[in-house]
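Here the structure is laid out as structure tokens; the discussion comes afterwards.
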Amino acid sequence: MNWERRKRDTNIMFAVNFKDGRTAYMTISPKVLEPGDHVARTVARERQDRGEIPEGEIASVKRVR
């Protein structure tokens, strides 16, 4: 068998928790997070604007992996 070695996903996963109880997940490049995890909230808002995660009031954004 020819097994291809998959490149490890180095992106970091975050849970975006909404005030109404919903949760969305997104990954962010470690390069973007160099200033700190607080940048994840800004990234979440930008992704909402692009329709990549649902609209709604964000309660918190936390690293999960």
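Residue numbers start at 1 in each chain; chains themselves are named A, B, ... in the order of the structure tokens; ligands are numbered from 1 in the order shown.
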For this session: Check chain A with DSSP on the backbone and list each residue it calls helix (DSSP H, G or I), as a PyMOL selection string.
Result: chain A and resi 39-49
For this session: Have a look at A:Pro35, A:Asp20, A:Tyr25, A:Val64 and name the one nearest to Gln48 of chain A; count only C-alpha atoms.
Result: A:Tyr25
Shell of 8 Å around Ser29 of chain A, only C-alpha atoms, local chain residues under 3 positions omitted, as a compact mmCIF listing (two decimals) with C-alpha atoms, in the first residue's frame:
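So part_23.txt came out as:
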```txt
# COMPACT_ATOMS: atom_id res chain seq x y z
CA THR A 10 -0.54 23.38 12.90
CA ASN A 11 -3.46 25.81 13.14
CA ILE A 12 -4.98 26.41 16.55
CA VAL A 32 -1.65 35.48 13.42
CA LEU A 33 -1.67 34.69 17.14
```
Exercise. If you count only C-alpha atoms, which residues fall within 6 Å of Val61 of chain A, apart from same-chain ones fewer than 4 positions away, as a list in words?
Worked result: Ala15, Val16 and Arg41 of chain A
Output for the residues just chosen: all heavy atoms as a PDB file, in the first residue's frame:
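As written to disk, out-v5.pdb reads:
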```pdb
ATOM      1  N   ALA A  15     -13.054  27.958  20.097  1.00  0.00           N
ATOM      2  CA  ALA A  15     -14.509  27.887  20.195  1.00  0.00           C
ATOM      3  C   ALA A  15     -15.018  29.309  20.349  1.00  0.00           C
ATOM      4  O   ALA A  15     -14.544  30.062  21.203  1.00  0.00           O
ATOM      5  CB  ALA A  15     -14.929  27.050  21.392  1.00  0.00           C
ATOM      6  N   VAL A  16     -15.962  29.678  19.494  1.00  0.00           N
ATOM      7  CA  VAL A  16     -16.599  30.991  19.570  1.00  0.00           C
ATOM      8  C   VAL A  16     -17.965  30.756  20.209  1.00  0.00           C
ATOM      9  O   VAL A  16     -18.839  30.137  19.612  1.00  0.00           O
ATOM     10  CB  VAL A  16     -16.747  31.634  18.173  1.00  0.00           C
ATOM     11  CG1 VAL A  16     -17.393  33.005  18.286  1.00  0.00           C
ATOM     12  CG2 VAL A  16     -15.403  31.712  17.462  1.00  0.00           C
ATOM     13  N   ARG A  41     -10.509  37.097  19.147  1.00  0.00           N
ATOM     14  CA  ARG A  41     -11.820  37.772  19.147  1.00  0.00           C
ATOM     15  C   ARG A  41     -11.963  38.658  17.910  1.00  0.00           C
ATOM     16  O   ARG A  41     -13.012  38.681  17.271  1.00  0.00           O
ATOM     17  CB  ARG A  41     -12.008  38.588  20.427  1.00  0.00           C
ATOM     18  CG  ARG A  41     -13.383  39.216  20.533  1.00  0.00           C
ATOM     19  CD  ARG A  41     -13.573  39.932  21.853  1.00  0.00           C
ATOM     20  NE  ARG A  41     -13.928  39.026  22.925  1.00  0.00           N
ATOM     21  CZ  ARG A  41     -15.183  38.675  23.207  1.00  0.00           C
ATOM     22  NH1 ARG A  41     -16.183  39.141  22.498  1.00  0.00           N
ATOM     23  NH2 ARG A  41     -15.433  37.871  24.208  1.00  0.00           N
TER      24      ARG A  41
END
```
Segment 52-54 of chain A surroundings by only C-alpha atoms, 9 Å radius, close-in-sequence under 5 positions cut, as a short mmCIF file (atom, residue, chain, number, x, y, z; two decimals) with C-alpha atoms, in the first residue's frame:
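Below is the file that was written, part-v4.cif:
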```cif
data_model
loop_
_atom_site.label_atom_id
_atom_site.label_comp_id
_atom_site.auth_asym_id
_atom_site.auth_seq_id
_atom_site.Cartn_x
_atom_site.Cartn_y
_atom_site.Cartn_z
CA VAL A 16 -16.60 30.99 19.57
CA ALA A 24 -18.91 27.84 16.36
CA TYR A 25 -15.38 26.61 15.78
CA MET A 26 -12.56 28.16 13.79
CA ALA A 44 -13.90 35.96 14.95
CA ARG A 45 -15.57 39.31 14.19
CA GLU A 46 -13.82 39.49 10.80
CA ARG A 47 -15.00 35.98 9.96
#
```
For this session: Tell me which protein, DNA and RNA residues are within 9 Å of Glu57 of chain A, counting only C-alpha atoms, leaving out same-chain ones fewer than 4 positions away, and put them as a ChimeraX atom specification.
Result: /A:17-20
For this session: Using only C-alpha atoms, find the one residue out of A:Thr27, A:Glu4, A:His38, A:Asp9 that sits nearest to Ser60 of chain A.
Result: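 Answer, going by the shortest atom-to-atom distance: A:His38.
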For this session: Mind listing the strand (DSSP E or B) residues of chain A, per DSSP on the backbone, as a ChimeraX atom specification?
Result: /A:12-18,23-28,58-63
Write the residues you've just listed into a file as a tab-separated table (two decimals), in the first residue's frame, and include C-alpha atoms for each of them.
```tsv
chain	number	residue	atom	x	y	z
A	12	ILE	CA	-4.98	26.41	16.55
A	13	MET	CA	-8.67	25.74	17.16
A	14	PHE	CA	-10.91	28.18	18.99
A	15	ALA	CA	-14.51	27.89	20.19
A	16	VAL	CA	-16.60	30.99	19.57
A	17	ASN	CA	-19.36	31.02	22.18
A	18	PHE	CA	-22.40	33.16	21.49
A	23	THR	CA	-20.90	27.59	19.59
A	24	ALA	CA	-18.91	27.84	16.36
A	25	TYR	CA	-15.38	26.61	15.78
A	26	MET	CA	-12.56	28.16	13.79
A	27	THR	CA	-8.85	27.65	13.36
A	28	ILE	CA	-6.23	30.37	13.29
A	58	ILE	CA	-20.03	36.82	20.85
A	59	ALA	CA	-19.78	36.00	24.55
A	60	SER	CA	-16.29	34.50	24.50
A	61	VAL	CA	-13.58	33.06	22.28
A	62	LYS	CA	-11.46	30.32	23.85
A	63	ARG	CA	-8.62	28.11	22.64
```
